[in-house]
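*Asks:* Data: run-v5.txt, compact mmCIF, C-alpha atoms and all ligand atoms.
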```txt
# COMPACT_ATOMS: atom_id res chain seq x y z
CA MET A 933 77.07 119.96 92.58
CA LEU A 934 77.28 122.45 89.72
CA SER A 935 75.59 125.75 90.43
CA SER A 936 72.75 126.81 88.16
CA VAL A 937 74.75 129.86 87.08
CA PHE A 938 77.55 127.60 85.95
CA MET A 939 75.15 125.18 84.27
CA ASP A 940 73.65 128.03 82.24
CA ASP A 941 77.12 128.77 80.84
CA PHE A 942 78.03 125.16 80.36
CA ARG A 943 78.04 124.58 76.63
CA ASN A 944 79.21 121.80 74.41
CA GLU A 945 82.08 123.64 72.73
CA PHE A 946 83.77 122.23 69.68
CA SER A 947 87.28 120.95 70.41
CA TRP A 948 89.76 118.51 68.90
CA SER A 949 91.88 115.66 70.23
CA LYS A 950 93.63 112.71 68.63
CA SER A 951 91.13 110.25 70.07
CA ARG A 952 88.23 112.39 68.83
CA ALA A 953 89.75 112.29 65.34
CA SER A 954 90.15 108.48 65.53
CA VAL A 955 86.52 107.96 66.51
CA PHE A 956 85.41 110.28 63.69
CA LYS A 957 87.37 108.17 61.21
CA GLU A 958 86.02 104.87 62.58
CA CYS A 959 82.38 105.81 62.52
CA PRO A 960 80.82 109.29 62.23
CA ARG A 961 77.70 108.10 64.11
CA LYS A 962 79.82 106.86 67.00
CA TYR A 963 81.51 110.25 66.99
CA TRP A 964 78.09 111.89 67.23
CA PHE A 965 77.08 109.71 70.21
CA ASN A 966 80.40 110.38 71.94
CA HIS A 967 80.57 114.13 71.46
CA TYR A 968 76.99 115.32 70.95
CA GLY A 969 74.33 112.71 71.70
CA PHE A 970 75.39 112.28 75.32
CA TRP A 971 75.16 115.98 76.14
CA ASN A 972 72.96 116.73 79.20
CA GLY A 973 72.56 112.98 79.82
CA TRP A 974 73.53 113.64 83.43
CA LEU A 975 70.33 115.66 83.98
CA ALA A 976 67.36 113.84 85.51
CA SER A 977 65.01 115.89 83.30
CA GLU A 978 66.63 114.75 80.04
CA GLU A 979 65.06 112.22 77.66
CA ASP A 980 65.74 108.57 78.42
CA ARG A 981 67.64 108.00 75.19
CA VAL A 982 70.07 110.83 75.97
CA LYS A 983 70.63 109.42 79.47
CA ARG A 984 71.22 106.03 77.90
CA ILE A 985 73.85 107.44 75.52
CA TYR A 986 75.60 109.16 78.43
CA TYR A 987 75.63 105.87 80.32
CA LEU A 988 76.96 103.85 77.37
CA LYS A 989 79.65 106.42 76.62
CA LYS A 990 81.29 105.59 79.95
CA LEU A 991 81.67 101.85 79.38
CA LEU A 992 85.24 100.66 79.01
CA VAL A 993 86.52 97.66 77.07
CA LYS A 994 88.88 95.59 79.17
CA GLU A 995 92.03 96.46 77.19
CA LEU A 996 91.47 100.20 77.58
CA TRP A 997 90.58 99.82 81.22
CA ILE A 998 93.71 97.87 82.14
CA GLY A 999 95.83 100.45 80.28
CA SER A 1000 94.27 103.34 82.15
CA LEU A 1001 94.66 101.54 85.47
CA VAL A 1002 98.40 101.07 84.88
CA HIS A 1003 98.70 104.73 83.86
CA GLU A 1004 96.92 105.75 87.03
CA VAL A 1005 99.26 103.73 89.25
CA VAL A 1006 102.41 105.02 87.50
CA ALA A 1007 101.12 108.59 87.87
CA PHE A 1008 100.51 107.89 91.58
CA ILE A 1009 104.09 106.59 92.03
CA LEU A 1010 105.57 109.65 90.31
CA ARG A 1011 103.36 112.08 92.21
CA LYS A 1012 104.46 110.58 95.52
CA PHE A 1013 108.10 110.58 94.45
CA ARG A 1014 107.88 114.22 93.50
CA PHE A 1015 106.94 115.05 97.07
CA GLY A 1016 109.68 112.93 98.59
CA GLU A 1017 107.77 109.71 99.25
CA VAL A 1018 109.29 106.56 97.78
CA ILE A 1019 106.73 103.91 96.87
CA SER A 1020 107.93 100.30 96.74
CA LEU A 1021 106.96 97.88 94.00
CA SER A 1022 105.03 95.74 96.49
CA TYR A 1023 103.06 98.76 97.74
CA ALA A 1024 102.29 99.85 94.15
CA THR A 1025 101.22 96.30 93.25
CA ALA A 1026 98.89 96.12 96.27
CA PHE A 1027 97.42 99.52 95.31
CA LEU A 1028 96.84 98.24 91.78
CA LYS A 1029 95.26 94.99 92.99
CA LYS A 1030 92.84 96.90 95.23
CA ARG A 1031 91.67 99.06 92.34
CA PHE A 1032 91.56 96.04 90.05
CA ASP A 1033 89.27 94.09 92.40
CA SER A 1034 87.02 97.02 93.27
CA ASP A 1035 86.41 97.87 89.59
CA PHE A 1036 85.58 94.24 88.79
CA GLU A 1037 83.13 94.20 91.68
CA MET A 1038 81.58 97.55 90.73
CA SER A 1039 81.10 96.41 87.15
CA LYS A 1040 78.81 93.60 88.33
CA VAL A 1041 76.51 95.92 90.26
CA LYS A 1042 73.21 95.98 88.40
CA GLU A 1043 72.25 99.44 89.65
CA TYR A 1044 75.23 101.04 87.91
CA THR A 1045 74.08 104.32 86.41
CA GLY A 1046 77.31 105.87 85.19
CA PHE A 1047 76.57 109.04 87.15
CA SER A 1048 79.35 108.84 89.70
CA SER A 1049 82.81 109.84 88.49
CA ARG A 1050 84.24 106.67 90.10
CA ALA A 1051 81.59 104.43 88.57
CA HIS A 1052 82.95 101.70 86.37
CA LYS A 1053 81.37 99.17 84.08
CA PHE A 1054 83.02 96.91 81.54
CA PHE A 1055 81.68 96.93 78.01
CA GLU A 1056 81.94 93.14 78.26
CA ASP A 1057 79.52 93.04 81.23
CA GLU A 1058 77.02 95.43 79.66
CA TYR A 1059 76.85 93.34 76.49
CA GLY A 1060 76.79 89.94 78.18
CA ILE A 1061 80.19 88.90 76.83
CA GLY A 1062 81.72 88.68 80.29
CA ILE A 1063 85.35 88.32 81.26
CA SER A 1064 86.43 84.79 82.19
CA ASP A 1065 88.58 84.03 85.23
CA ASP A 1066 91.37 83.09 82.87
CA GLU A 1067 91.19 86.46 81.05
CA LYS A 1068 90.96 88.26 84.37
CA GLY A 1069 94.08 86.46 85.61
CA LYS A 1070 95.95 87.39 82.45
CA MET A 1071 94.91 91.02 82.78
CA LEU A 1072 96.19 91.19 86.34
CA GLU A 1073 99.44 89.51 85.35
CA LYS A 1074 99.93 91.97 82.53
CA ALA A 1075 99.28 94.97 84.78
CA LYS A 1076 101.75 93.65 87.36
CA ARG A 1077 104.34 93.03 84.64
CA CYS A 1078 103.92 96.61 83.41
CA LEU A 1079 104.56 97.92 86.91
CA ARG A 1080 107.54 95.64 87.41
CA ASN A 1081 109.03 96.75 84.09
CA PHE A 1082 108.52 100.37 85.04
CA PHE A 1083 110.22 99.95 88.42
CA ASN A 1084 113.20 98.08 86.92
CA SER A 1085 113.64 100.35 83.93
CA ASP A 1086 116.44 102.74 83.01
CA VAL A 1087 113.69 105.26 82.34
CA PHE A 1088 112.53 105.26 85.97
CA MET A 1089 116.15 105.34 87.10
CA GLU A 1090 116.78 108.40 84.91
CA ILE A 1091 113.63 110.08 86.22
CA ARG A 1092 114.68 109.47 89.83
CA ARG A 1093 118.14 110.88 89.16
CA THR A 1094 116.70 114.04 87.64
CA PRO A 1095 116.08 116.79 90.21
CA VAL A 1096 112.34 117.30 90.61
CA GLU A 1097 112.81 120.97 89.75
CA ASP A 1098 113.59 119.75 86.24
CA TRP A 1099 110.37 117.77 85.98
CA VAL A 1100 107.94 119.63 83.82
CA THR A 1101 104.62 120.08 85.59
CA LEU A 1102 101.76 118.89 83.46
CA GLU A 1103 98.09 118.80 84.27
CA ASP A 1104 96.12 115.65 83.57
CA PHE A 1105 94.38 117.30 80.66
CA LEU A 1106 96.29 119.88 78.73
CA SER A 1107 94.87 122.10 76.10
CA PHE A 1108 95.98 124.82 73.75
CA ASP A 1109 94.42 127.04 71.15
CA PHE A 1110 95.12 126.14 67.55
CA GLU A 1111 93.76 128.59 65.00
CA GLY A 1112 90.66 129.16 67.15
CA THR A 1113 90.06 125.51 68.12
CA ARG A 1114 90.79 124.13 71.59
CA ILE A 1115 93.04 121.07 71.30
CA PHE A 1116 93.11 118.59 74.18
CA LEU A 1117 95.93 116.19 74.95
CA SER A 1118 97.47 114.36 77.85
CA ILE A 1119 101.23 113.83 78.29
CA ASP A 1120 102.33 111.13 80.73
CA PHE A 1121 105.62 112.65 81.84
CA ALA A 1122 108.11 115.33 80.79
CA MET A 1123 111.43 116.59 82.10
CA LYS A 1124 114.26 118.92 81.16
CA LYS A 1125 117.58 117.40 80.22
CA GLY A 1126 120.26 119.94 79.34
CA ASP A 1127 118.65 122.29 76.85
CA LYS A 1128 116.09 119.69 75.78
CA ILE A 1129 112.65 118.68 76.96
CA ILE A 1130 112.01 114.94 76.94
CA LEU A 1131 108.42 113.77 76.65
CA TYR A 1132 107.35 110.29 77.70
CA ASP A 1133 104.32 108.28 76.84
CA TRP A 1134 103.56 104.98 78.58
CA LYS A 1135 101.97 102.25 76.47
CA THR A 1136 100.53 98.95 77.58
CA GLY A 1137 99.07 97.53 74.36
CA ASP A 1138 99.75 96.84 70.72
CA GLU A 1139 99.23 100.31 69.27
CA ARG A 1140 100.65 100.90 65.81
CA LEU A 1141 103.91 102.85 65.47
CA ALA A 1142 102.34 105.17 62.88
CA ASP A 1143 99.86 106.34 65.54
CA PHE A 1144 102.71 107.09 67.94
CA ASP A 1145 104.26 109.46 65.48
CA LEU A 1146 101.05 111.42 65.20
CA GLN A 1147 100.52 111.52 68.94
CA LEU A 1148 104.07 112.56 69.73
CA SER A 1149 104.04 115.24 67.06
CA LEU A 1150 100.96 116.66 68.77
CA TYR A 1151 102.76 116.66 72.13
CA ALA A 1152 105.73 118.39 70.53
CA LEU A 1153 103.46 120.98 68.96
CA TYR A 1154 102.06 121.79 72.41
CA VAL A 1155 105.47 121.92 74.12
CA ALA A 1156 107.07 124.00 71.36
CA GLY A 1157 104.28 126.57 71.72
CA LYS A 1158 104.11 126.55 75.51
CA PHE A 1159 107.85 126.88 76.13
CA GLY A 1160 108.68 128.77 72.94
CA ILE A 1161 111.37 126.29 71.88
CA SER A 1162 112.32 124.84 68.50
CA ALA A 1163 111.36 121.30 67.53
CA GLU A 1164 114.99 120.17 67.68
CA ARG A 1165 115.01 120.77 71.43
CA ILE A 1166 112.20 118.28 72.00
CA GLU A 1167 112.73 114.54 72.28
CA THR A 1168 109.82 112.13 72.45
CA ARG A 1169 109.95 108.60 73.83
CA ILE A 1170 107.45 105.79 73.98
CA PHE A 1171 107.93 103.29 76.77
CA ASN A 1172 105.91 100.15 76.13
CA LEU A 1173 105.62 98.80 79.67
CA ALA A 1174 104.11 95.47 78.62
CA ILE A 1175 107.12 94.46 76.54
CA ASP A 1176 109.73 96.64 78.27
CA LYS A 1177 110.74 98.52 75.14
CA VAL A 1178 111.58 102.19 74.66
CA ASP A 1179 111.36 103.86 71.23
CA SER A 1180 112.60 107.38 70.60
CA PHE A 1181 111.09 109.60 67.96
CA GLU A 1182 112.79 112.56 66.41
CA VAL A 1183 110.91 115.80 66.05
CA ASP A 1184 111.68 118.49 63.51
CA GLU A 1185 109.92 121.54 62.12
CA GLY A 1186 108.71 119.49 59.14
CA LYS A 1187 106.86 117.11 61.46
CA LEU A 1188 105.29 119.98 63.37
CA GLU A 1189 104.12 121.51 60.11
CA ARG A 1190 102.61 118.19 58.98
CA MET A 1191 100.85 117.93 62.32
CA ARG A 1192 99.40 121.41 61.90
CA GLY A 1193 98.13 120.39 58.46
CA TYR A 1194 96.64 117.19 59.85
CA VAL A 1195 94.78 118.95 62.66
CA ARG A 1196 93.56 121.68 60.30
CA GLY A 1197 92.20 119.09 57.83
CA SER A 1198 90.59 116.99 60.56
CA VAL A 1199 88.88 120.00 62.17
CA LEU A 1200 87.52 121.02 58.77
CA GLU A 1201 86.10 117.55 58.09
CA MET A 1202 84.36 117.47 61.47
CA LYS A 1203 82.95 120.96 61.11
CA LYS A 1204 81.62 120.20 57.62
CA LEU A 1205 78.99 117.96 59.19
CA LEU A 1206 77.73 120.57 61.65
CA ARG A 1207 74.39 122.26 61.01
CA ASP A 1208 75.62 125.36 62.80
CA VAL A 1209 79.35 125.81 63.32
CA THR A 1210 79.02 128.78 65.69
CA ASP A 1211 76.62 126.92 68.00
CA ASN A 1212 78.38 123.57 67.46
CA GLU A 1213 75.02 122.09 66.51
CA ALA A 1214 75.08 118.53 65.20
CA VAL A 1215 72.12 116.44 64.04
CA GLU A 1216 72.33 112.65 64.44
CA GLY A 1217 71.11 111.82 60.93
CA ASP A 1218 73.93 113.85 59.36
CA PHE A 1219 76.51 111.45 60.80
CA GLU A 1220 76.66 108.22 58.82
CA LYS A 1221 76.94 104.81 60.42
CA CYS A 1222 80.03 102.83 59.54
CA GLU A 1223 79.56 99.67 57.52
CA GLY A 1224 79.80 97.32 60.45
CA PHE A 1225 83.51 96.86 60.97
CA TRP A 1226 83.59 98.70 64.30
CA CYS A 1227 80.16 97.68 65.61
CA SER A 1228 81.15 94.53 67.51
CA ARG A 1229 83.25 96.57 69.96
CA CYS A 1230 81.11 99.71 70.02
CA ASN A 1231 79.58 101.00 73.28
CA PHE A 1232 76.55 102.41 71.44
CA ARG A 1233 75.14 99.28 69.82
CA LYS A 1234 72.13 99.41 72.15
CA VAL A 1235 71.04 102.81 70.91
CA CYS A 1236 72.26 102.44 67.34
CA LEU A 1237 71.48 99.00 65.98
CA GLU A 1238 68.18 97.15 65.73
CA GLY A 1239 67.72 94.17 67.97
CA TRP A 1240 69.73 95.29 70.94
CA GLY A 1241 66.81 96.79 72.88
CA SER A 1242 67.77 98.73 75.94
S1 LIG B 1 77.07 100.46 66.47
FE1 LIG B 1 78.30 100.56 64.61
S2 LIG B 1 77.28 102.07 63.32
FE2 LIG B 1 76.50 102.34 65.40
S3 LIG B 1 77.78 103.91 66.29
FE3 LIG B 1 78.68 101.96 66.80
S4 LIG B 1 80.20 101.57 65.23
FE4 LIG B 1 78.84 103.14 64.47
```
Produce structure tokens that represent the structure in this file.
Ligand code: SF4
*Replies:*
Amino acid sequence: MLSSVFMDDFRNEFSWSKSRASVFKECPRKYWFNHYGFWNGWLASEEDRVKRIYYLKKLLVKELWIGSLVHEVVAFILRKFRFGEVISLSYATAFLKKRFDSDFEMSKVKEYTGFSSRAHKFFEDEYGIGISDDEKGKMLEKAKRCLRNFFNSDVFMEIRRTPVEDWVTLEDFLSFDFEGTRIFLSIDFAMKKGDKIILYDWKTGDERLADFDLQLSLYALYVAGKFGISAERIETRIFNLAIDKVDSFEVDEGKLERMRGYVRGSVLEMKKLLRDVTDNEAVEGDFEKCEGFWCSRCNFRKVCLEGWGS
């Protein structure tokens, strides 16, 4: 439970992340719900609509959920390995299956409130779309395939051969200051190799290559600053676990500079819509709704569009 002293200091500070920028581009109103409208929705004394926004914010579409589950299991395997415990593929698969089943069960519970950090509800269940047994089976198969590919990969072999002292410790959520704005990011794995740092990102879906470049440039920007190294000493790799494919991306100073420009521009655009930049005050009506393209897969339909009720 958060102490009242802490709660008094707990403010919605402006920050930036790649996913925040993507949501802003998709639909400014969705961005408002995600980063402003939900604030304080965890408090019993808050208005019902705010609580509703907080609840809807936590829904996960099935594709995102299965990706995060695979990430979680791979992180678990690596964490154990780091401390000398070798996890077998069958153990990891059983671990995954347990989480898979319990989240499916939890998503059906009507009393779901979104308040517990382990709470889970599918977007598809909230909006009556449902997930058929066939889809569920395919999701489980895909998750198992991702794990299998990880276990059998040269990447995992290389990681295991690298002394753990050369693994670069990374928190789940990293952040750094960029020209006065806190930037958040999350790097799946990193290790030293000779005089280089190699950054890995696990993928499980069909993300576009152009987005990878942006994401990896952001990682490189963080690592270059944190370790005080030049861009040429950073290598970035995407391992798509679903199709067992590794892509390497070169980093150079030019890319880092373009990334700085991109973040700068994106921060400016977001701040332009604020009523008060110092207090990070945002008013719902100032954030336009998109023209419908993103609505069919949007968590906030129930509080945004007519006809969805509550
Ligand atoms: S329902 Fe549509 S307009 Fe409303 S926030 Fe979502 S994407 Fe934007």
*Asks:* Tell me which of A:Asn966, A:Ser1020, A:Ser947, A:Ser977 sits closest to ligand LIG 1 (chain B), counting only C-alpha atoms and all ligand atoms.
*Replies:*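 Using only C-alpha atoms and all ligand atoms, ligand LIG 1 (chain B) sits closest to A:Asn966.
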*Asks:* I'd like the contact shell of region 999-1011 of chain A - 8 Å cut-off, all atoms listed in the file, skipping same-chain residues fewer than 2 positions apart - returned as a ChimeraX atom specification.
*Replies:* /A:995-997,1013-1015,1018-1019,1024,1027-1028,1031-1032,1075,1078-1079,1120,1134-1137
*Asks:* Taking C-alpha atoms for each residue, export the selection above as a PDB file, in the frame of the given file.
*Replies:*
```pdb
ATOM      1  CA  GLU A 995      92.030  96.460  77.190  1.00  0.00           C
ATOM      2  CA  LEU A 996      91.470 100.200  77.580  1.00  0.00           C
ATOM      3  CA  TRP A 997      90.580  99.820  81.220  1.00  0.00           C
ATOM      4  CA  PHE A1013     108.100 110.580  94.450  1.00  0.00           C
ATOM      5  CA  ARG A1014     107.880 114.220  93.500  1.00  0.00           C
ATOM      6  CA  PHE A1015     106.940 115.050  97.070  1.00  0.00           C
ATOM      7  CA  VAL A1018     109.290 106.560  97.780  1.00  0.00           C
ATOM      8  CA  ILE A1019     106.730 103.910  96.870  1.00  0.00           C
ATOM      9  CA  ALA A1024     102.290  99.850  94.150  1.00  0.00           C
ATOM     10  CA  PHE A1027      97.420  99.520  95.310  1.00  0.00           C
ATOM     11  CA  LEU A1028      96.840  98.240  91.780  1.00  0.00           C
ATOM     12  CA  ARG A1031      91.670  99.060  92.340  1.00  0.00           C
ATOM     13  CA  PHE A1032      91.560  96.040  90.050  1.00  0.00           C
ATOM     14  CA  ALA A1075      99.280  94.970  84.780  1.00  0.00           C
ATOM     15  CA  CYS A1078     103.920  96.610  83.410  1.00  0.00           C
ATOM     16  CA  LEU A1079     104.560  97.920  86.910  1.00  0.00           C
ATOM     17  CA  ASP A1120     102.330 111.130  80.730  1.00  0.00           C
ATOM     18  CA  TRP A1134     103.560 104.980  78.580  1.00  0.00           C
ATOM     19  CA  LYS A1135     101.970 102.250  76.470  1.00  0.00           C
ATOM     20  CA  THR A1136     100.530  98.950  77.580  1.00  0.00           C
ATOM     21  CA  GLY A1137      99.070  97.530  74.360  1.00  0.00           C
TER      22      GLY A1137
END
```
*Asks:* At a cut-off of 12 Å, can you tabulate as CSV every residue of chain A near ligand LIG 1 (chain B) together with its closest atom pair and the distance in Å to one decimal, using all atoms listed in the file and ordering rows by chain then number?
*Replies:*
```
residue,atom,partner,partner_atom,distance
A:Val955,CA,B:LIG1,S4,9.1
A:Phe956,CA,B:LIG1,FE4,9.7
A:Lys957,CA,B:LIG1,FE4,10.4
A:Glu958,CA,B:LIG1,S4,7.2
A:Cys959,CA,B:LIG1,FE4,4.8
A:Pro960,CA,B:LIG1,FE4,6.8
A:Arg961,CA,B:LIG1,S3,4.7
A:Lys962,CA,B:LIG1,S3,3.7
A:Tyr963,CA,B:LIG1,S3,7.4
A:Trp964,CA,B:LIG1,S3,8.0
A:Phe965,CA,B:LIG1,S3,7.0
A:Asn966,CA,B:LIG1,S3,9.0
A:His967,CA,B:LIG1,S3,11.8
A:Gly969,CA,B:LIG1,S3,10.9
A:Ile985,CA,B:LIG1,S3,10.6
A:Leu988,CA,B:LIG1,FE3,10.9
A:Lys989,CA,B:LIG1,S3,10.8
A:Glu1216,CA,B:LIG1,S3,10.5
A:Gly1217,CA,B:LIG1,S3,11.7
A:Phe1219,CA,B:LIG1,FE4,9.4
A:Glu1220,CA,B:LIG1,S2,7.6
A:Lys1221,CA,B:LIG1,S2,4.0
A:Cys1222,CA,B:LIG1,S2,4.7
A:Glu1223,CA,B:LIG1,S2,6.7
A:Gly1224,CA,B:LIG1,FE1,5.5
A:Phe1225,CA,B:LIG1,S4,7.2
A:Trp1226,CA,B:LIG1,S4,4.5
A:Cys1227,CA,B:LIG1,FE1,3.6
A:Ser1228,CA,B:LIG1,S1,7.3
A:Arg1229,CA,B:LIG1,S4,7.5
A:Cys1230,CA,B:LIG1,FE3,4.6
A:Asn1231,CA,B:LIG1,FE3,6.6
A:Phe1232,CA,B:LIG1,FE3,5.1
A:Arg1233,CA,B:LIG1,S1,4.0
A:Lys1234,CA,B:LIG1,S1,7.6
A:Val1235,CA,B:LIG1,FE2,7.8
A:Cys1236,CA,B:LIG1,FE2,4.7
A:Leu1237,CA,B:LIG1,S1,5.8
A:Glu1238,CA,B:LIG1,S1,9.5
A:Gly1239,CA,B:LIG1,S1,11.4
A:Trp1240,CA,B:LIG1,S1,10.0
```
*Asks:* Using all atoms listed in the file, which residues sit within 10 Å of Phe1108 (chain A) once same-chain residues fewer than 4 positions away are excluded, as a ChimeraX atom specification?
*Replies:* /A:1112-1117,1153-1155,1157-1158
*Asks:* Around all the atoms of region 1159-1169 of chain A listed in the file, with 6 Å of room on each side, what axis-aligned box do you get, giving centre and edge lengths in Å to one decimal, as JSON?
*Replies:*
```
{"center_x": 111.4, "center_y": 118.7, "center_z": 71.8, "size_x": 19.2, "size_y": 32.2, "size_z": 20.6}
```
*Asks:* Between CA of Asp1033 (chain A) and CA of Lys1053 (chain A), what is the distance in Å, rounded to a tenth?
*Replies:*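 Between CA of Asp1033 (chain A) and CA of Lys1053 (chain A) the gap is 12.5 Å.
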*Asks:* Please measure the separation of CA of Tyr1023 (chain A) and CA of Phe1082 (chain A), giving the value in Å to one decimal.
*Replies:*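 Distance between the two atoms: 13.9 Å.
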*Asks:* Between CA of Tyr1151 (chain A) and CA of Met1191 (chain A), what is the spacing in Å?
*Replies:*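 Result for CA of Met1191 (chain A) versus CA of Tyr1151 (chain A): 10.1 Å, one decimal.
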*Asks:* List every residue of region 1007-1104 of chain A that has an atom at most 10 Å from any atom of region 1172-1183 of chain A, giving for each one its closest atom pair and the distance in Å to one decimal, counting all atoms listed in the file, sorted by chain and then by ascending residue number, as a tab-separated table.
*Replies:*
```
residue	atom	partner	partner_atom	distance
A:Lys1074	CA	A:Ala1174	CA	6.7
A:Ala1075	CA	A:Ala1174	CA	7.8
A:Lys1076	CA	A:Ala1174	CA	9.2
A:Arg1077	CA	A:Ala1174	CA	6.5
A:Cys1078	CA	A:Leu1173	CA	4.7
A:Leu1079	CA	A:Leu1173	CA	7.4
A:Arg1080	CA	A:Leu1173	CA	8.6
A:Asn1081	CA	A:Asp1176	CA	5.9
A:Phe1082	CA	A:Leu1173	CA	6.3
A:Phe1083	CA	A:Leu1173	CA	10.0
A:Asn1084	CA	A:Asp1176	CA	9.4
A:Ser1085	CA	A:Asp1176	CA	7.8
A:Asp1086	CA	A:Val1178	CA	9.7
A:Val1087	CA	A:Val1178	CA	8.5
```
*Asks:* Go through A:Arg1093, A:Lys1029, A:Lys1187, A:Lys1203 and flag the residue nearest Ile998 (chain A), using only C-alpha atoms for the distances.
*Replies:* A:Lys1029
